[in-house]
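Working notes for the structure below.
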Amino acid sequence: MPTTRSLHLAAEIGGPPRYDAASHIALARLAERGTLDFVTFRDSFARPGPDAMAVLARVAPETTRIGLVPTVTTTHTEPFHVSSAVATLDWMSRGRAGWHADVSTTEAEARLFGRRPAAPAPALWQEAGETADVSARLWDGWEDDAGIRAPSTDRDPSTGRFTDRDTPHPVDFEGTTFSVREPARVPRPPQGRPVTVFDATTGPAARAAARHADVVYVRASSPERAAVLRDELRRAAGAHGRDPDGLRVLVALTVDLGDAETAPGPGPESGPPLAGHGTYFRGGPVDLAELVTHWYRAGAVDGFHLTPLTPGRDLERIVNGTVALLQHRGLFRTFYPGGTLREHLGLARPANRYAPRGAGAAS
């Protein structure tokens with residue numbers, strides 16, 4: 001099916017815990033060579049491993065274009081600190097940061113902090129959504145050029161008052177489990193708001209994603225099912241007053257590319273099957289390219305988030321095999337047209353909610 005939509009691809013570079021910067025930098029550079037939209041680094045209070053935010057902050061100066069999206073667990077983490085850390089990563093990477101909002105569900109994880117017991121999933125995802133909401137407000141709290149331009153005061157045409165653009169706007173936010181009163185300490189990030197990612201596997205997560213996410217992961221065993229999930233998320237986003245075209249829906253796949261290519265069978269539906277309820281793919285790089293091509297041309301998805309079963313081996317085969325074939329077919333870009341993660345994803349830079357009327361339009 002002809003399409004003018006852009007195909008989006010991202011990859012996980014975490015895997016088994018590794019405590020040397022060089023291995024993570026090498027994987028991120030490999031993904032950047034394949035012009036992937038972004039790399040992710042999963043993190044959890046439930047398992048040992050390096051801190052995702054710290055790892056990608058180390059990767060940032062060693063890369064130039066690829067987006068950097070660490071997992072941030074919103075449970076037991078102060079929202080003010082979440083917003084500050086993500087904004088700082090956006091500054092350090094010159095506009096390439098995002099964050100994957102996740103929750104902590106077990107009593108064992110709650111005991112690590114000792115402040116409150118584990119909560120039900122709906123309450124945790126409501127809190128994650130509220131963290132995304134207040135983070136956006138904190139990022140908007142500074143004028144875009146605060147602390148840079150001179151003079152520092154402007155007359156607000158809606159009130160007739162002069163405002164100090166170097167003084168951040170206070171945030172008066174009351175959530176179900178937290179409140180935020182003070183303004184941000186980090187100036188507005190280069191992207192305005194770094195990209196917010198949610199995994200919409202469960203109902204509560206999907207509801208939070210529809211309201212707050214820029215990128216959403218779904219799991220599906222067929223393009224038809226993926227299309228249904230994508231349509232549901234877009235409708236839900238529209239019901240919250242959002243533009244559905246500002247949402248990118250990616251199918252999440254764990255990929256094992258250690259096998260030889262399968263022999264093609266007759267008909268357009270042939271190809272290697274998905275296993276594990278749509279979360280696992282096993283085959284070769286060409287097989288994966290066939291799946292991506294078929295699902296994308298069917299209009300089922302905006303792209304894929306790929307988790308290599310064996311990062312060093314499989315990411316190399318994704319970039320040099322799957323991506324190269326998609327580029328040859330004209331389905332995936334061969335260079336980055338912009339410098340920020342929002343530009344890679346085709347997402348506008350959000351206007352600042354506190355800007356005077358008629359100013360601060362998305363660019």
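Following the order of the structure tokens, chains are lettered A, B, ..., residues in each are numbered from 1, and ligands are numbered from 1.
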Worksheet item: Mind checking DSSP for segment 214-325 of chain A and telling me the strand (DSSP E) residues as a PyMOL selection string?
Response: chain A and resi 215-218+248-256+274-275+280-282+303-308
Within 10 Å of Gly312 of chain A, counting only C-alpha atoms, which residues show up once you throw out same-chain ones fewer than 5 positions away? Write them as a short mmCIF file (atom, residue, chain, number, x, y, z; two decimals) with N, CA and C atoms, in the first residue's frame, please.
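Writing done, so here's around_20.cif:
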```cif
data_model
loop_
_atom_site.label_atom_id
_atom_site.label_comp_id
_atom_site.auth_asym_id
_atom_site.auth_seq_id
_atom_site.Cartn_x
_atom_site.Cartn_y
_atom_site.Cartn_z
N ILE A 13 19.41 -1.32 24.00
CA ILE A 13 20.84 -1.62 24.07
C ILE A 13 21.25 -2.08 25.46
N GLY A 15 20.11 -5.25 27.97
CA GLY A 15 20.46 -6.66 28.05
C GLY A 15 21.07 -7.01 29.40
N SER A 23 30.96 -0.66 25.99
CA SER A 23 30.02 -1.56 25.32
C SER A 23 28.72 -0.86 24.98
N HIS A 24 28.22 -0.02 25.88
CA HIS A 24 26.99 0.72 25.62
C HIS A 24 27.19 1.77 24.53
N ALA A 26 29.36 1.61 22.10
CA ALA A 26 29.50 0.91 20.81
C ALA A 26 28.14 0.53 20.23
N LEU A 27 27.22 0.05 21.07
CA LEU A 27 25.90 -0.33 20.58
C LEU A 27 25.11 0.91 20.12
N LEU A 30 26.42 1.99 16.80
CA LEU A 30 25.97 1.07 15.76
C LEU A 30 24.54 1.42 15.35
N ARG A 317 23.02 -7.37 13.16
CA ARG A 317 22.25 -7.94 12.06
C ARG A 317 21.03 -7.09 11.72
#
```
9 Å contact set for Pro61 of chain A, only C-alpha atoms, chain neighbours under 4 positions out, as a PDB file with C-alpha atoms, in the first residue's frame:
```pdb
ATOM      1  CA  ALA A  57      24.095  10.462  29.945  1.00  0.00           C
ATOM      2  CA  MET A  92      23.450  17.235  27.540  1.00  0.00           C
ATOM      3  CA  SER A  93      22.386  15.511  24.295  1.00  0.00           C
TER       4      SER A  93
END
```
Practice prompt. Calculate how many Å separate atom CA of Thr74 of chain A from atom CA of Val218 of chain A, rounding to one decimal.
Written response: 19.9 Å
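Close contacts of segment 333-337 of chain A, defined as residues with an atom at most 8 Å away when counting only C-alpha atoms, with chain neighbours fewer than 3 positions off set aside, comprise Gly34, Thr35, Arg65, Gln327, Gly330, Glu343 and His344 of chain A.
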Atoms kept (N, CA and C atoms) for selection, written as an mmCIF file, in the first residue's frame:
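Ended up saving to result.cif:
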```cif
data_model
loop_
_atom_site.group_PDB
_atom_site.id
_atom_site.type_symbol
_atom_site.label_atom_id
_atom_site.label_comp_id
_atom_site.auth_asym_id
_atom_site.auth_seq_id
_atom_site.Cartn_x
_atom_site.Cartn_y
_atom_site.Cartn_z
ATOM 1 N N GLY A 34 22.858 3.043 11.718
ATOM 2 C CA GLY A 34 21.669 2.584 11.009
ATOM 3 C C GLY A 34 20.550 3.607 10.969
ATOM 4 N N THR A 35 20.793 4.816 11.447
ATOM 5 C CA THR A 35 19.829 5.931 11.496
ATOM 6 C C THR A 35 18.542 5.568 12.224
ATOM 7 N N ARG A 65 23.404 12.095 16.840
ATOM 8 C CA ARG A 65 22.076 12.225 16.270
ATOM 9 C C ARG A 65 21.016 11.339 16.935
ATOM 10 N N GLN A 327 16.160 0.198 3.746
ATOM 11 C CA GLN A 327 16.651 1.387 3.047
ATOM 12 C C GLN A 327 16.700 1.154 1.540
ATOM 13 N N GLY A 330 13.519 1.703 -0.008
ATOM 14 C CA GLY A 330 13.000 3.065 0.099
ATOM 15 C C GLY A 330 12.018 3.256 1.237
ATOM 16 N N GLU A 343 12.330 15.651 15.953
ATOM 17 C CA GLU A 343 12.445 15.757 14.495
ATOM 18 C C GLU A 343 12.533 14.372 13.865
ATOM 19 N N HIS A 344 13.268 13.451 14.485
ATOM 20 C CA HIS A 344 13.332 12.089 13.954
ATOM 21 C C HIS A 344 11.936 11.478 13.867
#
```
Fill in: Residues near Trp295 of chain A, cut-off 10 Å, only C-alpha atoms, skip fewer than 3 positions along chain, as a PyMOL selection string
chain A and resi 222-224+226-227+251+290-292+298-304
